[in-house]
Structure formats: C-alpha cells, structure tokens
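Heads up, model-v7.cif below (mmCIF, C-alpha atoms (C1' of nucleotides)):
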```
data_target
loop_
_atom_site.label_atom_id
_atom_site.label_comp_id
_atom_site.auth_asym_id
_atom_site.auth_seq_id
_atom_site.Cartn_x
_atom_site.Cartn_y
_atom_site.Cartn_z
CA MET A 1 -20.55 2.28 -17.04
CA LYS A 2 -19.27 3.47 -20.39
CA LYS A 3 -15.91 5.33 -20.39
CA ARG A 4 -15.48 8.50 -22.41
CA ASP A 5 -12.33 9.38 -24.25
CA THR A 6 -11.59 12.83 -22.83
CA ARG A 7 -8.58 15.03 -23.45
CA GLN A 8 -7.59 14.61 -19.80
CA ARG A 9 -7.77 10.83 -19.79
CA ARG A 10 -5.83 10.67 -23.04
CA ALA A 11 -3.13 12.93 -21.59
CA ILE A 12 -2.87 10.85 -18.42
CA ARG A 13 -2.53 7.63 -20.42
CA GLN A 14 0.18 9.22 -22.52
CA VAL A 15 2.10 10.28 -19.43
CA PHE A 16 2.32 6.65 -18.34
CA LEU A 17 3.25 5.46 -21.82
CA ASP A 18 6.14 7.94 -21.79
CA ALA A 19 7.23 7.22 -18.20
CA ALA A 20 10.36 5.20 -17.43
CA ARG A 21 9.52 4.72 -13.76
CA PRO A 22 6.55 4.56 -11.38
CA LEU A 23 4.85 7.91 -10.92
CA THR A 24 3.07 9.58 -8.03
CA PRO A 25 -0.24 11.35 -8.70
CA GLU A 26 1.61 14.64 -8.27
CA GLU A 27 4.09 13.71 -11.00
CA VAL A 28 1.28 12.64 -13.28
CA LEU A 29 -0.39 16.00 -12.70
CA GLU A 30 2.72 18.01 -13.61
CA ARG A 31 3.41 16.02 -16.75
CA GLY A 32 -0.23 15.91 -17.79
CA GLN A 33 -0.54 19.67 -17.46
CA GLY A 34 2.03 20.00 -20.22
CA GLU A 35 -0.69 18.71 -22.50
CA VAL A 36 -3.83 19.90 -20.70
CA PRO A 37 -2.95 22.89 -18.49
CA SER A 38 -6.33 22.96 -16.74
CA LEU A 39 -5.85 19.39 -15.50
CA GLY A 40 -6.75 19.03 -11.82
CA LEU A 41 -5.32 16.72 -9.18
CA ALA A 42 -8.72 15.18 -8.41
CA THR A 43 -9.02 14.13 -12.04
CA VAL A 44 -5.64 12.45 -11.87
CA TYR A 45 -6.68 10.51 -8.77
CA ARG A 46 -9.98 9.51 -10.35
CA ASN A 47 -8.42 8.33 -13.59
CA VAL A 48 -5.53 6.52 -12.00
CA LYS A 49 -8.07 4.63 -9.92
CA ILE A 50 -10.18 3.77 -12.96
CA LEU A 51 -7.17 2.71 -15.05
CA THR A 52 -6.00 0.51 -12.19
CA GLU A 53 -9.42 -1.13 -11.88
CA GLU A 54 -9.39 -1.74 -15.62
CA GLY A 55 -6.03 -3.49 -15.23
CA TRP A 56 -4.19 -0.97 -17.41
CA LEU A 57 -2.11 0.36 -14.49
CA THR A 58 -0.73 -1.39 -11.41
CA GLU A 59 -0.15 0.08 -8.00
CA VAL A 60 3.48 0.17 -6.91
CA ALA A 61 3.46 0.17 -3.14
CA LEU A 62 6.74 1.84 -2.28
CA PRO A 63 6.78 3.08 1.30
CA GLN A 64 8.45 6.39 0.64
CA ASP A 65 5.77 8.87 -0.23
CA GLY A 66 2.44 7.47 -1.13
CA MET A 67 1.30 5.09 -3.83
CA ARG A 68 2.86 5.15 -7.27
CA TYR A 69 1.51 3.76 -10.53
CA GLU A 70 2.97 2.23 -13.65
CA LEU A 71 1.83 0.38 -16.79
CA ALA A 72 0.53 -3.08 -15.95
CA SER A 73 2.03 -4.39 -19.20
CA ARG A 74 5.64 -3.88 -18.09
CA PRO A 75 7.67 -7.06 -17.56
CA HIS A 76 8.48 -8.25 -14.02
CA HIS A 77 10.98 -5.95 -12.32
CA HIS A 78 11.86 -4.37 -8.98
CA HIS A 79 12.58 -0.91 -7.65
CA PHE A 80 15.31 1.31 -6.31
CA VAL A 81 14.32 4.23 -4.10
CA CYS A 82 16.72 7.14 -3.82
CA ARG A 83 16.71 8.45 -0.25
CA THR A 84 17.96 11.83 -1.39
CA CYS A 85 15.56 12.75 -4.20
CA ASP A 86 12.82 10.25 -3.28
CA GLN A 87 12.48 9.07 -6.85
CA ALA A 88 11.78 5.45 -7.70
CA PHE A 89 13.73 3.70 -10.45
CA ASP A 90 13.14 0.39 -12.17
CA ILE A 91 15.58 -2.47 -11.76
CA HIS A 92 15.31 -4.90 -14.63
CA GLN A 93 16.74 -7.88 -12.84
CA CYS A 94 15.33 -10.20 -10.24
CA PRO A 95 17.50 -11.93 -7.64
CA PRO A 96 17.44 -15.72 -8.01
CA SER A 97 15.38 -17.83 -5.61
CA VAL A 98 13.91 -14.90 -3.70
CA GLU A 99 10.72 -16.72 -2.86
CA GLU A 100 12.57 -19.68 -1.39
CA ILE A 101 13.29 -17.87 1.87
CA ALA A 102 9.68 -18.38 3.01
CA PRO A 103 9.35 -20.85 5.90
CA ALA A 104 7.46 -24.10 5.30
CA GLY A 105 3.70 -23.70 5.36
CA PHE A 106 3.66 -20.31 3.66
CA ARG A 107 2.36 -20.21 0.11
CA VAL A 108 4.12 -17.41 -1.79
CA ASP A 109 2.46 -16.00 -4.87
CA ASP A 110 4.30 -12.73 -5.37
CA HIS A 111 7.23 -10.74 -4.10
CA GLU A 112 8.73 -7.26 -4.10
CA VAL A 113 12.36 -6.26 -3.70
CA ILE A 114 13.17 -2.66 -2.87
CA LEU A 115 16.72 -1.33 -2.76
CA TYR A 116 17.47 1.92 -0.96
CA GLY A 117 20.39 4.26 -1.48
CA SER A 118 21.54 7.05 -3.79
CA CYS A 119 20.79 7.28 -7.47
CA PRO A 120 23.53 8.32 -9.95
CA ALA A 121 22.36 11.96 -9.90
CA CYS A 122 22.45 12.21 -6.08
CA ALA A 123 25.42 9.97 -5.26
CA MET B 1 19.59 17.62 24.10
CA LYS B 2 19.35 15.42 27.13
CA LYS B 3 16.57 12.78 27.15
CA ARG B 4 14.36 12.30 30.17
CA ASP B 5 13.07 8.95 31.33
CA THR B 6 9.33 9.59 31.50
CA ARG B 7 6.52 7.15 32.25
CA GLN B 8 5.26 7.53 28.68
CA ARG B 9 8.62 6.87 27.07
CA ARG B 10 9.18 3.87 29.29
CA ALA B 11 5.75 2.48 28.37
CA ILE B 12 6.41 2.96 24.66
CA ARG B 13 9.76 1.22 24.89
CA GLN B 14 8.16 -1.67 26.75
CA VAL B 15 5.51 -2.02 24.02
CA PHE B 16 8.24 -2.59 21.46
CA LEU B 17 10.14 -4.98 23.72
CA ASP B 18 6.97 -7.05 24.04
CA ALA B 19 6.01 -6.89 20.35
CA ALA B 20 6.49 -9.87 18.06
CA ARG B 21 5.99 -7.89 14.87
CA PRO B 22 6.33 -4.34 13.49
CA LEU B 23 3.78 -1.93 14.96
CA THR B 24 1.95 1.10 13.63
CA PRO B 25 1.74 4.25 15.80
CA GLU B 26 -1.92 3.46 16.41
CA GLU B 27 -1.03 0.01 17.74
CA VAL B 28 1.66 1.49 19.96
CA LEU B 29 -0.90 3.94 21.34
CA GLU B 30 -3.42 1.23 22.20
CA ARG B 31 -0.86 -0.98 23.87
CA GLY B 32 0.86 1.90 25.63
CA GLN B 33 -2.42 3.14 27.09
CA GLY B 34 -2.64 -0.15 28.97
CA GLU B 35 0.23 1.18 31.06
CA VAL B 36 -0.33 4.95 30.83
CA PRO B 37 -4.01 5.64 30.03
CA SER B 38 -3.48 9.36 29.39
CA LEU B 39 -0.95 8.60 26.63
CA GLY B 40 -1.60 10.71 23.53
CA LEU B 41 -1.01 9.89 19.88
CA ALA B 42 1.27 12.90 19.41
CA THR B 43 3.52 11.59 22.15
CA VAL B 44 3.73 8.23 20.41
CA TYR B 45 4.72 9.90 17.15
CA ARG B 46 7.29 12.08 18.86
CA ASN B 47 8.89 9.22 20.76
CA VAL B 48 8.88 6.81 17.89
CA LYS B 49 10.71 9.46 15.89
CA ILE B 50 13.23 10.09 18.66
CA LEU B 51 13.82 6.38 19.26
CA THR B 52 14.35 5.91 15.54
CA GLU B 53 16.85 8.76 15.39
CA GLU B 54 18.66 7.27 18.37
CA GLY B 55 18.87 4.00 16.46
CA TRP B 56 16.79 2.07 18.99
CA LEU B 57 13.93 1.53 16.54
CA THR B 58 13.94 1.03 12.79
CA GLU B 59 11.27 1.99 10.31
CA VAL B 60 9.68 -0.98 8.60
CA ALA B 61 8.38 0.11 5.27
CA LEU B 62 5.56 -2.31 4.52
CA PRO B 63 3.35 -0.88 1.83
CA GLN B 64 0.04 -1.91 3.39
CA ASP B 65 -0.82 0.95 5.70
CA GLY B 66 1.68 3.54 6.77
CA MET B 67 5.02 3.15 8.46
CA ARG B 68 5.62 0.54 11.12
CA TYR B 69 8.40 0.34 13.68
CA GLU B 70 10.33 -2.42 15.39
CA LEU B 71 13.39 -2.88 17.58
CA ALA B 72 16.59 -2.06 15.73
CA SER B 73 18.36 -4.78 17.70
CA ARG B 74 16.45 -7.54 15.96
CA PRO B 75 18.66 -9.46 13.54
CA HIS B 76 18.36 -8.69 9.84
CA HIS B 77 15.18 -10.22 8.44
CA HIS B 78 12.40 -9.69 5.95
CA HIS B 79 8.65 -9.91 5.92
CA PHE B 80 5.85 -12.05 4.63
CA VAL B 81 2.46 -10.37 4.24
CA CYS B 82 -0.60 -12.61 4.21
CA ARG B 83 -3.11 -11.26 1.73
CA THR B 84 -5.94 -13.01 3.52
CA CYS B 85 -5.46 -11.92 7.13
CA ASP B 86 -3.22 -8.89 6.38
CA GLN B 87 -0.78 -9.91 9.09
CA ALA B 88 2.97 -9.46 8.69
CA PHE B 89 5.35 -12.29 9.62
CA ASP B 90 9.09 -12.22 10.03
CA ILE B 91 11.26 -14.24 7.68
CA HIS B 92 14.61 -14.96 9.26
CA GLN B 93 16.49 -15.57 6.06
CA CYS B 94 17.82 -13.24 3.42
CA PRO B 95 18.26 -14.18 -0.23
CA PRO B 96 21.93 -14.11 -1.27
CA SER B 97 23.23 -11.21 -3.38
CA VAL B 98 20.00 -9.25 -3.36
CA GLU B 99 21.74 -5.91 -3.59
CA GLU B 100 23.71 -6.94 -6.64
CA ILE B 101 20.78 -6.41 -8.98
CA ALA B 102 21.24 -2.64 -8.82
CA PRO B 103 22.46 -1.09 -12.08
CA ALA B 104 25.89 0.55 -12.17
CA GLY B 105 25.93 4.05 -10.69
CA PHE B 106 23.46 3.30 -7.90
CA ARG B 107 24.85 3.11 -4.39
CA VAL B 108 22.81 0.64 -2.35
CA ASP B 109 22.83 0.90 1.41
CA ASP B 110 19.79 -1.11 2.40
CA HIS B 111 17.14 -3.39 1.03
CA GLU B 112 13.76 -4.87 1.82
CA VAL B 113 12.19 -8.08 0.57
CA ILE B 114 8.48 -8.62 0.96
CA LEU B 115 6.78 -11.87 0.07
CA TYR B 116 3.03 -11.98 -0.48
CA GLY B 117 0.75 -14.99 -0.23
CA SER B 118 -1.10 -17.06 2.34
CA CYS B 119 0.14 -17.83 5.82
CA PRO B 120 -0.23 -21.35 7.29
CA ALA B 121 -3.45 -20.39 9.09
CA CYS B 122 -5.08 -19.01 5.93
CA ALA B 123 -3.69 -21.34 3.26
"C1'" DA C 1 14.81 25.72 39.59
"C1'" DT C 2 14.97 24.73 34.94
"C1'" DA C 3 14.17 23.00 30.63
"C1'" DT C 4 12.37 18.87 28.34
"C1'" DG C 5 8.13 16.12 27.76
"C1'" DT C 6 3.19 15.84 27.54
"C1'" DG C 7 -1.66 16.53 26.10
"C1'" DC C 8 -4.65 19.07 23.52
"C1'" DA C 9 -6.07 21.26 19.48
"C1'" DA C 10 -4.96 23.44 15.37
"C1'" DA C 11 -2.25 23.07 11.21
"C1'" DC C 12 -0.63 20.34 7.35
"C1'" DT C 13 -0.50 16.89 3.80
"C1'" DC C 14 -2.49 13.53 0.97
"C1'" DT C 15 -6.62 11.62 -0.94
"C1'" DT C 16 -11.59 11.44 -1.63
"C1'" DT C 17 -16.16 13.43 -2.39
"C1'" DG C 18 -20.17 16.79 -3.48
"C1'" DC C 19 -21.77 19.83 -6.67
"C1'" DA C 20 -22.42 22.80 -10.71
"C1'" DT C 21 -20.55 23.18 -15.25
"C1'" DG C 22 -18.35 21.32 -19.46
"C1'" DG C 23 -18.09 18.31 -23.26
"C1'" DA C 24 -18.21 13.42 -25.47
"C1'" DG C 25 -21.32 10.53 -27.84
"C1'" DC D 1 -29.67 16.32 -25.93
"C1'" DT D 2 -27.90 13.13 -22.20
"C1'" DC D 3 -25.01 11.94 -18.97
"C1'" DC D 4 -20.39 11.00 -17.66
"C1'" DA D 5 -16.17 13.68 -16.62
"C1'" DT D 6 -14.00 17.70 -14.88
"C1'" DG D 7 -12.57 21.46 -11.71
"C1'" DC D 8 -13.11 23.50 -7.61
"C1'" DA D 9 -13.58 23.50 -2.88
"C1'" DA D 10 -14.70 21.21 1.19
"C1'" DA D 11 -14.36 17.03 3.79
"C1'" DG D 12 -11.71 13.06 5.69
"C1'" DA D 13 -7.69 10.39 7.29
"C1'" DG D 14 -2.99 10.36 9.03
"C1'" DT D 15 0.88 13.01 10.89
"C1'" DT D 16 3.14 17.21 12.76
"C1'" DT D 17 3.45 21.43 15.42
"C1'" DG D 18 2.50 25.40 18.86
"C1'" DC D 19 1.44 26.34 23.32
"C1'" DA D 20 0.72 26.15 28.29
"C1'" DC D 21 1.24 23.02 31.96
"C1'" DA D 22 3.48 18.97 34.13
"C1'" DT D 23 7.52 16.69 35.71
"C1'" DA D 24 12.35 14.52 35.60
"C1'" DT D 25 16.70 15.90 36.93
#
```
How would this structure read if it were set down as structure tokens?
Amino acid sequence: MKKRDTRQRRAIRQVFLDAARPLTPEEVLERGQGEVPSLGLATVYRNVKILTEEGWLTEVALPQDGMRYELASRPHHHHFVCRTCDQAFDIHQCPPSVEEIAPAGFRVDDHEVILYGSCPACA
Amino acid sequence: MKKRDTRQRRAIRQVFLDAARPLTPEEVLERGQGEVPSLGLATVYRNVKILTEEGWLTEVALPQDGMRYELASRPHHHHFVCRTCDQAFDIHQCPPSVEEIAPAGFRVDDHEVILYGSCPACA
DNA sequence: ATATGTGCAAACTCTTTGCATGGAG
DNA sequence: CTCCATGCAAAGAGTTTGCACATAT
C-alpha cells in the first residue's frame, strides 16, 4: 500500500523530530494541532502505528500511562519517569554490565532500565 | 478506616502468598475464584489497591500488559521477560550503581531493570 | 447494631474501527 | 478521477465508581 504525504502525517513526523523525550499519543495530538488544528486523535493513533511498522518510530513501553513513541534513529538510552508530573525523560547513559545479571540459560538480547523519582521541575 | 478480614480478602492474600511471579488482576480473579467462586473483578481491583497502599503488595510495572502485583516482602529483584512465551521470571541480582546514571537534578527513589530474550525452555 | 466490604452494572478512560467526506497523486 | 487518509462517532478493552445488600466486628 502506497503512503501519501498528507499535512497531518508531515506534522506528526515533525513533532517527533522536535521532541526531546518519548511522547504519548495525547502529547502528539496537542503538538500536532499547533500545525494542523483539525488534527484528530484517531489520526495520531493510525499514523503512529504506521510509522512504527515502517521502523521510523519505536514503542517505549513505560508502565506509567500507556505506550509512548520516539524516533527509532535515536542512540541507545534509558528513561526516567517523574512520579509527580508523569513525564518521561531520556537518560543518555547505560549502566555497565546490566545484562550480566541474567541467570545461566537465559539468552538476553535487549534490556530496559527505568528510574523513578522527581524531575528537576517537580523536586 | 478499620479493615475487615473477609473471605474475599483472605483468598486474595493467599493467591499472592502462593504466587511465584507477579500477577495481573485477571489472574488474581481466576485463582481467587477457586476459593471464593462469587469473587468479582471489582473486589480484586479494590483489594489490590488497598493492599498496595498498606505496603503489603507492590506494583510491578512490566510493559507487556497492564500492571501486575506481587508481595512487597519479596527481596529486591528484577525481571526477565521471555519474548517467545511471554512469561516473566525473577532475577535475584541487581546491577551495581544503576541509579547513578540519572542526570543531575533528578531525585531517584526507585528503579526497574527488565531484560528481554529467551528463557531456557524457549532458547 | 453499625459501618465496611461485596457484587453488579454503569461510568470512565484509552485505543481501535466503520463510514462518509476530503484531498494527494 | 481514484483511492488512501481523515474526522467523527461509536464500539471495544481495561479499570473505577455508585448503590443496595451482605457481613465482620
């Protein structure tokens, strides 16, 4: 199926290019409406799904509220979740030897580290 | 508010005492109905919330599907999620200095490490 | 006896889907 | 001119809440 280059899809892509952290569909909607006011939530969901299938976005599975998405091209990093404002922040370091805690017999091919606490604005 | 010791609450507590891994509300319902067939899902949600507030249970935030719960008294550990059978396993080690990767200005009060891969049975 | 706990169903929230219209190619 | 994409509204899935009745204390 051929993909069309619509105003909405362009706006949604731009939102992710401008984002410094993983975004929820709701956040994508708000930001995208700055560019295309008529943008609907269903369109955000549909496009985020398509962009993820295309490998342009990746799902960030943070427990707090729902799935978040970010550019697939970003280098390896982890996340900090603020329990006060519920925002997710990137952490650009990775603890050494994280994957070595797996017991023998388990083959590890990826890992996620999530820190919880208060961000600078909420602390 | 004083807490009563009902059949339902006792059954739910027993489910967690018998569990070897974090459980979803749905799993608690199924297991609890073995003891109290009339048990309702709303009661599970209410009690799981109360037991968490009391500090008897802790929320386990595995991205897969929804929140899971386990005994708070279990020693600190992390989780391995098998991408083949979707089962979660406990890892009884914790990588050193995980929380030190947080940037300045962030106050960390908890962390979670999730490894993904294949468990011994699926490898 | 009294007030909390329960079960049911309705309300809510988040996400997906059906359908008629809009707009890219 | 064709069809895919969009917006709306309704439908689903998961969780919470209101209410009348049950029951622990």
One decimal, Å: what's the distance from atom CA of A:Leu115 over to atom CA of A:His92, could you say?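 Here the two named atoms are 12.5 Å from each other.
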Which is closest to chain B among A:Ala72, A:Cys82, A:Cys122, A:Asp109, if we use all atoms listed in the file?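 Under the stated criterion, the closest residue is A:Asp109.
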Apply the PyMOL selection byres ((chain B) within 12 of (chain D)) to the structure shown and report the selected residues as a PyMOL selection string. chain B and resi 2-8+24-26+41-46+49+65-67
Distance in Å - atom CA of B:Leu71 versus atom CA of B:Leu17: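 Going from atom CA of B:Leu71 over to atom CA of B:Leu17, I get 7.3 Å.
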Starting from the PyMOL selection byres ((chain A and resi 100) around 12), expand the selection into actual residues of this file and give them as a count of residues only. 25
If you apply the PyMOL selection byres ((chain C) within 9 of (chain A)) to this file, what residues do you get, as a PyMOL selection string? chain C and resi 14-16+23-25
Over all C-alpha atoms, paired in order, superpose chain A onto chain B by least squares and report how large the RMSD is in Å.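 Per the least-squares fit, the RMSD is 1.5 Å.
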Selection: 10 Å around B:Ile12, all atoms listed in the file, excl. self and same-chain fewer than 3 positions, as a ChimeraX atom specification: /B:6-9,15-17,28-29,31-33,35-36,39,43-44,47-48,51
Identify which of the residues A:His78, A:Ala11, A:Thr52, A:Gln87 lies closest to chain B, counting all atoms listed in the file when measuring atom-to-atom distances.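 Smallest separation from chain B among the options: A:His78.
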What gap, in Å, lies between atom C1' of C:DG5 and atom CA of B:Arg10?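 Atom-to-atom, atom C1' of C:DG5 and atom CA of B:Arg10 are spaced 12.4 Å apart.
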Minimum-distance residue to chain A, chosen among B:Ala20, B:Ile50, B:Leu62, B:Ala88 (using all atoms listed in the file): B:Leu62
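Ranking A:Glu112, A:Asp18, A:Glu59, A:Glu27 by their shortest atom-to-atom distance to chain B, with only C-alpha atoms included, puts A:Glu112 first.
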Name the closest residue to chain B among the candidates A:Arg74, A:Arg21, A:Arg13, A:Arg83; distances are taken between atoms, counting all atoms listed in the file. A:Arg83
Between B:Ala61, B:Gly55, B:Asp86, B:His79, smallest distance to chain A by only C-alpha atoms belongs to B:Ala61
